[in-house]
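*Asks:* Below you will find the structure I want to go over with you.
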Amino acid sequence: MKKSLIIFGTGDIAQLAHFYFSTSTGYEVVAFTIDADYLTEPTFCSLPVIAFEKISVQFPPDRYELFIALSYSKLNSIRKEKYLLAKAMGYRLASFISPNATILNNGCIGENCFIFEDNTIQPFVTIGNNVTLWSGNHIGHHSTIKDHCFIASHVVVSGGVEIGEQCFIGVNATLRDHIKIGEKCVIGAGALLLADAAAEGVYIGTTTERSKVPSSRLKRI
């Protein structure tokens, strides 16, 4: 028998969560929820949308689980806030772990995690609560990702790395082995980190500049 799931959110990530939970898990998504101030449509993905302030009346926490399907907005603080509020209301927070990910850490993965396809999580890795790993990342052995982080696609985290709470790591970033990333750091797309990063650091990769030669003058393409 499938477990009943409510998804918080009505955006792209919520739609993705509905797709993944509906096709690859033992959950049945039965409704969506959002703060009353943002409730503009009665349905989403052909399911009812209920004001979060009233969710426990219609969908009590002893019978339903929740998944907070939000992005890294405001350095993950909104997703963190809703996660903690749902916990305080007594809900169990579901995680999605793709069957097409390689998980070798004996399931050391917290609640409300969203782990997409083609992630490789090596042995002795610890992943906290409310962590998103978009597709195609490498999380090296003995690394720790603390709560409320968002890691975009094709990030390389080498062995023994510690990533603090509420960090955002952009597409194709690379973190060398045995470094520590402080909480609330932003590691931009394509950035290369070779040393520790103090809390609230911002690291932006170099943008490729446009060539002075236009494409119409290239002879070998």
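Labels for the structure tokens follow display order: chains A, B, ..., residues from 1 in each chain, ligands from 1.
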Which residues are near Ile139 (chain A)? Cut-off 9 Å, only C-alpha atoms, ignore same chain within fewer than 6 positions. Put them as a list in words.
*Replies:*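 Non-adjacent residues within range: Asn119, Thr120, Ile121, Gln122, Val125, Val155, Val156, Val157, Ser158, Gly159 and Val161 of chain A.
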*Asks:* Ala94 (chain A): which residues within 12 Å, counting only C-alpha atoms, same-chain residues fewer than 2 positions away excluded, as JSON, numbers by chain?
*Replies:* {"A": [3, 4, 5, 6, 7, 8, 17, 21, 25, 26, 27, 28, 29, 64, 65, 66, 67, 68, 69, 83, 86, 87, 91, 92, 96, 97, 109, 110, 111, 112, 113, 114, 115, 129, 130, 131]}
*Asks:* If you measure from CA of Gly107 (chain A) to CA of Ser143 (chain A), what distance in Å do you get, rounded to one decimal?
*Replies:* 13.9 Å
*Asks:* Taking the chain letters and numbering used in this document, name the residues of region 9-177 of chain A that DSSP puts in strand (DSSP E or B), as JSON, numbers by chain.
*Replies:* {"A": [27, 28, 29, 30, 31, 32, 33, 34, 43, 44, 47, 48, 49, 50, 51, 65, 66, 67, 68, 93, 96, 97, 102, 103, 109, 114, 115, 120, 121, 126, 127, 132, 133, 138, 139, 144, 145, 150, 151, 156, 157, 162, 163, 168, 169, 174, 175]}
*Asks:* May I ask for the distance between CA of Lys184 (chain A) and CA of Leu75 (chain A), given in Å to one decimal place?
*Replies:* 6.6 Å
*Asks:* Counting only C-alpha atoms, which of A:Cys149, A:Val202, A:Ile169, A:Ala36 gets nearest to Thr132 (chain A)?
*Replies:* A:Cys149
*Asks:* With only C-alpha atoms as the basis for distance, which of A:Gly90, A:Gly205, A:Glu183, A:Ile34 is at the shortest distance from Asp62 (chain A)?
*Replies:*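 So, comparing all the options, the nearest one is A:Gly90.
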*Asks:* Rounded to one decimal place, report the CA of Asp35 (chain A)-CA of Glu53 (chain A) distance in Å.
*Replies:* 6.7 Å
*Asks:* A:Pro214, A:Gly188, A:Pro42, A:Gly164: which is nearest Ala152 (chain A), counting only C-alpha atoms?
*Replies:*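 Closest candidate: A:Gly188.
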*Asks:* Within 12 Å of Ser46 (chain A), counting only C-alpha atoms, which residues show up once you throw out same-chain ones fewer than 3 positions away? Write them as a ChimeraX atom specification, please.
*Replies:* /A:10,15,18,29-32,41-43,49
